[in-house]
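Below: input.txt (compact mmCIF, C-alpha atoms)
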```txt
# COMPACT_ATOMS: atom_id res chain seq x y z
CA MET N 70 19.17 -7.45 20.08
CA ASN N 71 15.81 -7.62 18.32
CA VAL N 72 14.04 -5.69 21.05
CA THR N 73 13.78 -1.94 20.52
CA THR N 74 13.67 0.76 23.16
CA TYR N 75 9.90 0.80 22.64
CA LYS N 76 9.60 -2.73 24.01
CA ILE N 77 8.71 -4.05 20.56
CA TYR N 78 10.07 -7.27 19.11
CA LYS N 79 11.10 -7.03 15.47
CA ILE N 80 10.51 -9.95 13.09
CA ALA N 81 12.71 -9.57 10.01
CA CYS N 82 12.27 -12.22 7.29
CA ASN N 83 12.88 -12.02 3.52
CA GLY N 84 12.77 -8.23 3.48
CA MET N 85 9.56 -8.16 5.53
CA LEU N 86 9.26 -6.47 8.90
CA HIS N 87 6.69 -7.18 11.59
CA PHE N 88 6.63 -5.66 15.06
CA MET N 89 5.10 -7.13 18.21
CA PRO N 90 4.69 -5.07 21.42
CA LEU N 91 6.13 -6.72 24.54
CA ARG N 92 4.76 -4.65 27.43
CA PRO N 93 2.73 -6.72 29.96
CA SER N 94 -0.56 -5.10 28.95
CA CYS N 95 0.16 -5.84 25.28
CA ALA N 96 1.27 -9.38 26.13
CA ILE N 97 -2.10 -10.05 27.77
CA SER N 98 -3.83 -8.78 24.62
CA ILE N 99 -1.69 -11.09 22.47
CA TYR N 100 -2.50 -14.10 24.65
CA ILE N 101 -6.22 -13.32 24.51
CA SER N 102 -6.29 -12.78 20.75
CA SER N 103 -4.21 -15.93 20.17
CA SER N 104 -6.57 -17.95 22.37
CA PHE N 105 -9.62 -16.61 20.54
CA LEU N 106 -7.98 -17.32 17.20
CA ILE N 107 -7.15 -20.91 18.16
CA ALA N 108 -10.70 -21.39 19.46
CA LEU N 109 -12.07 -20.25 16.07
CA ILE N 110 -10.13 -22.87 14.11
CA PRO N 111 -12.18 -26.09 14.78
CA PRO N 112 -15.70 -24.69 14.18
CA THR N 113 -14.53 -22.64 11.19
CA ALA N 114 -12.86 -25.62 9.55
CA ILE N 115 -15.72 -28.05 10.27
CA LEU N 116 -18.57 -25.76 9.15
CA ASN N 117 -16.84 -24.68 5.94
CA VAL N 118 -15.80 -28.17 4.91
CA ILE N 119 -19.39 -29.35 5.48
CA ALA N 120 -20.78 -26.52 3.34
CA PHE N 121 -18.22 -27.18 0.59
CA ALA N 122 -18.75 -30.96 0.61
CA VAL N 123 -22.56 -30.70 0.54
CA ILE N 124 -22.52 -28.27 -2.41
CA LEU N 125 -19.97 -30.41 -4.24
CA LYS N 126 -21.88 -33.65 -3.67
CA THR N 127 -25.44 -32.44 -4.37
CA LYS N 128 -26.28 -32.00 -8.05
CA LYS N 129 -29.23 -29.74 -7.27
CA LEU N 130 -26.78 -27.28 -5.73
CA HIS N 131 -24.51 -27.17 -8.80
CA THR N 132 -25.52 -23.64 -9.79
CA PRO N 133 -23.29 -20.63 -10.59
CA PRO N 134 -24.02 -18.82 -7.28
CA ASN N 135 -23.33 -22.00 -5.30
CA VAL N 136 -20.03 -22.48 -7.15
CA LEU N 137 -18.96 -19.10 -5.81
CA LEU N 138 -20.26 -19.90 -2.32
CA ALA N 139 -18.40 -23.24 -2.37
CA SER N 140 -15.22 -21.42 -3.44
CA THR N 141 -15.65 -18.95 -0.58
CA ALA N 142 -16.18 -21.86 1.84
CA LEU N 143 -12.99 -23.52 0.58
CA CYS N 144 -11.04 -20.26 1.10
CA ASP N 145 -12.37 -19.97 4.63
CA PHE N 146 -11.52 -23.62 5.34
CA LEU N 147 -7.94 -23.16 4.14
CA SER N 148 -7.70 -19.99 6.20
CA ALA N 149 -8.74 -21.98 9.28
CA ILE N 150 -6.16 -24.75 8.80
CA ILE N 151 -3.24 -22.66 7.48
CA SER N 152 -3.46 -18.93 8.09
CA MET N 153 -5.04 -18.87 11.58
CA PRO N 154 -2.75 -21.42 13.32
CA PHE N 155 0.38 -19.98 11.72
CA TRP N 156 -0.44 -16.44 12.83
CA ALA N 157 -1.18 -17.69 16.33
CA LEU N 158 2.29 -19.30 16.37
CA VAL N 159 3.90 -16.08 15.11
CA TRP N 160 2.29 -14.06 17.91
CA LEU N 161 3.12 -16.56 20.66
CA PHE N 162 6.73 -16.99 19.51
CA ALA N 163 7.19 -13.21 19.43
CA LEU N 164 6.16 -12.98 23.08
CA HIS N 165 9.23 -15.08 23.87
CA GLU N 166 11.36 -12.96 21.53
CA LYS N 167 11.62 -15.74 18.97
CA HIS N 168 10.43 -16.22 15.43
CA ASN N 169 10.59 -18.75 12.62
CA CYS N 170 10.84 -17.19 9.17
CA SER N 171 9.19 -20.15 7.43
CA ILE N 172 6.14 -19.93 9.70
CA TYR N 173 5.97 -16.16 9.32
CA VAL N 174 6.25 -16.20 5.51
CA VAL N 175 3.58 -18.92 5.22
CA ALA N 176 1.28 -16.97 7.57
CA VAL N 177 1.70 -13.75 5.57
CA PHE N 178 1.37 -15.45 2.18
CA ALA N 179 -1.67 -17.55 3.13
CA SER N 180 -3.52 -14.72 4.87
CA HIS N 181 -3.02 -12.33 1.95
CA VAL N 182 -3.95 -14.88 -0.73
CA LEU N 183 -7.03 -16.27 1.02
CA SER N 184 -8.33 -12.97 2.38
CA TYR N 185 -7.92 -11.12 -0.90
CA LEU N 186 -9.39 -14.01 -2.89
CA SER N 187 -12.35 -14.24 -0.52
CA PHE N 188 -13.03 -10.55 -1.03
CA LEU N 189 -12.78 -10.87 -4.83
CA LEU N 190 -15.25 -13.76 -4.74
CA VAL N 191 -17.78 -11.58 -2.95
CA SER N 192 -17.37 -9.00 -5.73
CA PHE N 193 -17.80 -11.83 -8.24
CA ILE N 194 -21.04 -12.82 -6.50
CA SER N 195 -22.28 -9.22 -6.79
CA ILE N 196 -21.72 -9.31 -10.56
CA ASP N 197 -23.49 -12.67 -10.74
CA ARG N 198 -26.54 -11.23 -8.97
CA TYR N 199 -26.55 -8.23 -11.31
CA LEU N 200 -26.61 -10.49 -14.37
CA ALA N 201 -29.28 -12.74 -12.87
CA ILE N 202 -31.60 -9.82 -12.06
CA PHE N 203 -30.98 -7.38 -14.92
CA LYS N 204 -30.02 -9.82 -17.71
CA PRO N 205 -32.31 -12.77 -16.91
CA PHE N 206 -32.56 -14.19 -20.44
CA PHE N 207 -28.80 -14.05 -20.99
CA TYR N 208 -28.22 -15.51 -17.52
CA GLU N 209 -30.69 -18.37 -17.95
CA GLU N 210 -29.41 -19.23 -21.42
CA LYS N 211 -25.64 -18.79 -21.09
CA ILE N 212 -24.65 -18.87 -17.41
CA ALA N 213 -27.14 -20.91 -15.40
CA PRO N 214 -26.66 -24.14 -17.44
CA ASN N 215 -22.85 -23.80 -17.33
CA PRO N 216 -21.62 -23.49 -13.72
CA HIS N 217 -18.24 -24.82 -14.87
CA TYR N 218 -17.60 -21.39 -16.42
CA TYR N 219 -17.53 -19.95 -12.92
CA ALA N 220 -15.33 -22.78 -11.65
CA ARG N 221 -12.75 -22.04 -14.35
CA SER N 222 -12.95 -18.31 -13.64
CA VAL N 223 -12.34 -18.92 -9.93
CA ILE N 224 -9.30 -21.09 -10.73
CA ALA N 225 -7.90 -18.38 -13.02
CA LEU N 226 -8.56 -15.70 -10.39
CA THR N 227 -6.83 -17.83 -7.75
CA LEU N 228 -3.72 -18.24 -9.93
CA ILE N 229 -3.55 -14.47 -10.53
CA VAL N 230 -3.81 -13.72 -6.79
CA ILE N 231 -1.13 -16.35 -5.99
CA VAL N 232 1.25 -14.89 -8.60
CA ILE N 233 0.75 -11.33 -7.34
CA ASN N 234 1.37 -12.42 -3.76
CA GLY N 235 4.40 -14.45 -4.77
CA LEU N 236 5.89 -11.46 -6.55
CA SER N 237 5.13 -9.24 -3.56
CA LEU N 238 7.46 -11.36 -1.43
CA LEU N 239 10.29 -10.10 -3.66
CA THR N 240 9.47 -6.47 -2.86
CA PRO N 241 10.52 -4.73 0.38
CA ASN N 242 8.07 -5.46 3.18
CA LYS N 243 5.55 -7.04 0.73
CA LYS N 244 4.90 -3.59 -0.72
CA LEU N 245 3.43 -4.92 -3.98
CA ILE N 246 0.49 -6.81 -2.48
CA GLU N 247 -0.32 -4.01 -0.05
CA ILE N 248 -0.40 -1.52 -2.92
CA VAL N 249 -2.60 -3.88 -4.96
CA ILE N 250 -4.96 -4.36 -2.02
CA LEU N 251 -5.15 -0.66 -1.21
CA LEU N 252 -5.79 0.28 -4.85
CA SER N 253 -8.29 -2.46 -5.65
CA LEU N 254 -10.35 -3.08 -2.52
CA PRO N 255 -12.00 0.36 -2.24
CA PRO N 256 -13.24 0.25 -5.88
CA PHE N 257 -14.41 -3.34 -5.40
CA ILE N 258 -16.29 -2.35 -2.25
CA LEU N 259 -17.97 0.60 -3.98
CA GLN N 260 -18.80 -1.53 -7.02
CA SER N 261 -20.34 -4.27 -4.88
CA VAL N 262 -22.36 -1.80 -2.82
CA TYR N 263 -23.58 0.00 -5.96
CA ILE N 264 -24.63 -3.29 -7.61
CA HIS N 265 -26.50 -4.44 -4.52
CA LEU N 266 -28.32 -1.10 -4.25
CA LYS N 267 -29.37 -1.42 -7.89
CA VAL N 268 -30.41 -5.02 -7.33
CA LEU N 269 -32.35 -3.95 -4.22
CA GLN N 270 -34.53 -1.69 -6.37
CA LYS N 271 -35.17 -4.58 -8.73
CA VAL N 272 -35.89 -6.93 -5.83
CA ASN N 273 -38.59 -4.56 -4.59
CA GLU N 274 -40.15 -4.68 -8.05
CA VAL N 275 -39.92 -8.47 -8.04
CA ARG N 276 -41.70 -8.59 -4.67
CA LYS N 277 -44.56 -6.56 -6.13
CA MET N 278 -44.68 -8.96 -9.07
CA ILE N 279 -44.80 -11.92 -6.69
CA SER N 280 -47.70 -10.33 -4.85
CA ALA N 281 -49.46 -9.66 -8.15
CA PHE N 282 -48.92 -13.22 -9.31
CA SER N 283 -50.15 -14.54 -5.96
CA ILE N 284 -53.36 -12.51 -6.23
CA GLU N 285 -53.77 -13.66 -9.81
CA GLN N 286 -53.11 -17.23 -8.73
CA ASN N 287 -55.83 -17.03 -6.08
CA GLY N 288 -58.19 -15.73 -8.72
CA TYR N 289 -57.33 -18.64 -10.96
CA SER N 290 -58.05 -21.06 -8.16
CA LYS N 291 -61.65 -19.83 -7.94
CA LYS N 292 -61.97 -19.97 -11.69
CA ASP N 293 -60.55 -23.50 -11.68
CA LYS N 294 -63.43 -24.70 -9.53
CA TYR N 295 -65.94 -22.99 -11.74
CA MET N 296 -64.38 -24.32 -14.92
CA ASP N 297 -64.20 -27.81 -13.51
CA ALA N 298 -67.95 -27.75 -12.92
CA MET N 299 -68.59 -26.33 -16.38
CA ALA N 300 -66.27 -28.90 -17.95
CA LEU N 301 -68.30 -31.73 -16.45
CA GLU N 302 -71.42 -30.31 -18.02
CA THR N 303 -70.08 -29.20 -21.40
CA SER N 304 -67.09 -31.58 -21.72
CA GLU N 305 -64.79 -28.66 -22.53
CA GLN N 306 -61.65 -30.30 -21.13
CA SER N 307 -59.34 -28.25 -23.33
CA SER N 308 -60.29 -24.98 -21.63
CA CYS N 309 -59.69 -26.50 -18.20
CA THR N 310 -56.32 -27.90 -19.28
CA LYS N 311 -55.22 -24.53 -20.64
CA LEU N 312 -56.23 -22.85 -17.42
CA ASN N 313 -54.27 -25.39 -15.36
CA GLU N 314 -51.22 -24.86 -17.55
CA ASP N 315 -51.45 -21.09 -17.02
CA SER N 316 -51.70 -21.70 -13.28
CA LYS N 317 -48.62 -23.93 -13.30
CA ASN N 318 -46.66 -21.39 -15.35
CA ASN N 319 -47.51 -18.69 -12.82
CA GLN N 320 -46.37 -20.94 -9.99
CA ARG N 321 -43.06 -21.59 -11.73
CA LYS N 322 -42.55 -17.85 -12.27
CA ILE N 323 -43.22 -17.18 -8.59
CA ARG N 324 -40.76 -19.88 -7.49
CA ARG N 325 -38.04 -18.54 -9.79
CA MET N 326 -38.53 -14.97 -8.57
CA GLU N 327 -38.59 -16.05 -4.91
CA LYS N 328 -35.36 -17.98 -5.46
CA GLN N 329 -33.64 -14.90 -6.91
CA VAL N 330 -34.85 -12.79 -3.97
CA ASN N 331 -33.53 -15.34 -1.45
CA ILE N 332 -30.14 -15.53 -3.20
CA TYR N 333 -29.97 -11.74 -3.18
CA HIS N 334 -30.61 -11.63 0.57
CA LEU N 335 -27.80 -14.14 1.14
CA THR N 336 -25.28 -12.30 -1.03
CA PHE N 337 -26.19 -8.93 0.51
CA ILE N 338 -25.63 -10.26 4.04
CA LEU N 339 -22.35 -11.78 2.82
CA LEU N 340 -21.25 -8.43 1.40
CA VAL N 341 -22.09 -6.56 4.60
CA SER N 342 -20.19 -9.06 6.75
CA VAL N 343 -17.12 -8.90 4.52
CA VAL N 344 -17.05 -5.10 4.45
CA MET N 345 -17.53 -4.83 8.22
CA CYS N 346 -14.88 -7.45 9.00
CA TYR N 347 -12.29 -6.14 6.54
CA MET N 348 -12.73 -2.43 7.16
CA PRO N 349 -10.52 -2.33 10.31
CA TYR N 350 -7.74 -4.24 8.50
CA ILE N 351 -7.97 -2.00 5.42
CA SER N 352 -7.97 1.14 7.55
CA ILE N 353 -4.90 0.19 9.60
CA THR N 354 -3.05 -0.98 6.47
CA ILE N 355 -3.71 2.36 4.74
CA MET N 356 -2.55 4.20 7.86
CA LEU N 357 0.68 2.23 8.08
CA ARG N 358 1.38 2.67 4.37
CA ILE N 359 0.81 6.45 4.51
CA MET N 360 2.65 6.94 7.82
CA PRO N 361 5.35 4.22 8.09
CA GLN N 362 6.64 5.66 11.37
CA LEU N 363 3.52 4.33 13.08
CA ARG N 364 4.85 0.78 12.65
CA TYR N 365 6.93 1.37 15.76
CA GLU N 366 3.94 2.34 17.88
CA GLU N 367 2.45 -0.24 20.23
CA TRP N 368 -1.18 0.66 19.59
CA THR N 369 -0.90 0.28 15.82
CA ASN N 370 0.62 -3.20 16.09
CA THR N 371 -1.98 -4.28 18.62
CA THR N 372 -4.74 -2.88 16.40
CA TYR N 373 -3.29 -4.65 13.36
CA MET N 374 -3.31 -7.95 15.25
CA TRP N 375 -6.93 -7.58 16.36
CA SER N 376 -8.00 -6.45 12.87
CA TYR N 377 -6.77 -9.77 11.51
CA PHE N 378 -8.75 -11.62 14.17
CA ILE N 379 -11.89 -9.72 13.10
CA THR N 380 -11.40 -10.86 9.50
CA CYS N 381 -11.27 -14.45 10.77
CA ILE N 382 -14.70 -14.06 12.37
CA LYS N 383 -16.04 -13.67 8.84
CA SER N 384 -14.76 -17.15 7.96
CA LEU N 385 -16.84 -18.62 10.80
CA ALA N 386 -19.93 -16.52 10.06
CA ASN N 387 -20.11 -17.33 6.33
CA PRO N 388 -21.21 -21.00 6.55
CA LEU N 389 -23.74 -20.08 9.23
CA MET N 390 -25.23 -17.52 6.87
CA TYR N 391 -25.32 -20.06 4.02
CA CYS N 392 -27.36 -22.44 6.14
CA PHE N 393 -29.57 -19.69 7.56
CA ARG N 394 -30.59 -18.33 4.15
CA SER N 395 -30.52 -21.48 1.96
CA ARG N 396 -33.33 -23.95 2.66
CA MET N 397 -31.98 -26.46 0.14
CA LEU N 398 -28.53 -26.40 1.71
CA ARG N 399 -30.03 -26.97 5.16
CA GLU N 400 -32.03 -29.92 3.86
CA GLN N 401 -28.99 -31.48 2.21
CA ILE N 402 -26.92 -31.06 5.37
CA ARG N 403 -29.67 -32.81 7.38
CA LYS N 404 -29.79 -35.67 4.88
CA THR N 405 -26.01 -36.02 4.91
CA SER N 406 -25.90 -36.02 8.72
CA ARG N 407 -28.62 -38.67 8.88
CA LYS N 408 -26.73 -40.86 6.39
CA PHE N 409 -23.55 -40.41 8.43
CA LYS N 410 -25.33 -41.40 11.67
CA ASN N 411 -26.90 -44.46 10.03
CA ALA N 412 -23.53 -45.53 8.60
CA ARG N 413 -21.97 -45.43 12.09
CA ARG N 414 -24.63 -47.76 13.51
```

Entire entry expressed as structure tokens:
Amino acid sequence: MNVTTYKIYKIACNGMLHFMPLRPSCAISIYISSSFLIALIPPTAILNVIAFAVILKTKKLHTPPNVLLASTALCDFLSAIISMPFWALVWLFALHEKHNCSIYVVAVFASHVLSYLSFLLVSFISIDRYLAIFKPFFYEEKIAPNPHYYARSVIALTLIVIVINGLSLLTPNKKLIEIVILLSLPPFILQSVYIHLKVLQKVNEVRKMISAFSIEQNGYSKKDKYMDAMALETSEQSSCTKLNEDSKNNQRKIRRMEKQVNIYHLTFILLVSVVMCYMPYISITIMLRIMPQLRYEEWTNTTYMWSYFITCIKSLANPLMYCFRSRMLREQIRKTSRKFKNARR
């Protein structure tokens, strides 16, 4: 019998153990969480594939930060079509005291790979923002013109995460990946928070500079009118041209600084959402690793199940945040949707 005296169904596959509570109250919770998880799949998949496709197709969006956002969108899309449905099947099968080891192993492997990779990408984005704000000349010269550097780095990072997760399947109860996650995520969280706090200070300085440039720009506008009148009388076109060039340079500086501020806001919101969504999962995983006897408790298994569902909410929220904070992405999505509607006519 796979059912213990605690009314918990034991899933044993490839050295991995997973417990599902079977009491009626717990069964209702499993049905609700499974239904919510299944309901998340279509909008999560559609929104993320749209965000990924628009960034991939639009040359204007081929920037280092957008490469990382597109990679995050791809992770969330794969999570929606692989990890979420497979975990829903695992939960529903367990209610009928059944399990399929292939489905369970795929669910565990996919959820660990995609969730951990998504978290590492957010840390990567934090480093990108630090370089863009504190090393602007290096960033503009070496990184900004070469977004393919980030694409290669993401591919290498993905291969490392896949190898670590593959090796963890050879350890008892996937101990390797849990140890890696528990040892690496807290430092990554602290590093990302520290970087964003440092960047926040710089962003406040940038805002003051934008205000200063705006005031200066308004002053130039009055001078422009005066110089235009003087130029007509004295034919000093060179002075007017120089003044216009200074005005245009100031405008370009303002646009660049505003763009960096907007990107920072997006990445900060992304960081907050990831930390909030992953914190319950990290907490329950640490608890189960420190006190293994709690694996047999109903409340810990129910909490573990709902903590995974909370991480899936992040996959749905991410593309909404991209569109909310990125004006260019919104415009490209509108253009793509209009082209799609016209093609159907």

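Rounded to one decimal, CA of Leu183 in chain N and CA of Ser148 in chain N lie 6.4 Å from each other.
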
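Nearest residue to Phe257 in chain N among N:Asn234, N:Ser192, N:Gln270, N:Ser222 is N:Ser192, counting all atoms listed in the file.
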
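Distance annotation: of N:Leu398, N:Leu363, N:Ile202, N:Leu190, the residue with the minimal separation from Ser261 in chain N is N:Leu190; atom set is all atoms listed in the file.
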
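Nearest residue to Cys346 in chain N, choosing from N:Glu367, N:Ile107, N:Asp197, N:Phe188 and counting only C-alpha atoms: N:Phe188.
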
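The residue that comes closest to Leu164 in chain N, out of N:Ile196, N:Leu143, N:Ile379, N:Ala96 and on the basis of all atoms listed in the file, is N:Ala96.
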
Sorted by chain and rising residue number, which residues of range 160-250 of chain N lie within 9 Å of range 82-86 of chain N, and what are their closest atom pairs and distances in Å to one decimal, counting only C-alpha atoms, as CSV?
```
residue,atom,partner,partner_atom,distance
N:Asn169,CA,N:Cys82,CA,8.6
N:Cys170,CA,N:Cys82,CA,5.5
N:Ser171,CA,N:Cys82,CA,8.5
N:Tyr173,CA,N:Cys82,CA,7.7
N:Val174,CA,N:Cys82,CA,7.4
N:Leu238,CA,N:Asn83,CA,7.4
N:Leu239,CA,N:Gly84,CA,7.8
N:Thr240,CA,N:Gly84,CA,7.4
N:Pro241,CA,N:Gly84,CA,5.2
N:Asn242,CA,N:Met85,CA,3.9
N:Lys243,CA,N:Met85,CA,6.4
```

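Shortest atom-to-atom contact with Ala213 in chain N among N:Ala201, N:Leu109, N:Met153, N:Leu389: N:Ala201, counting all atoms listed in the file.
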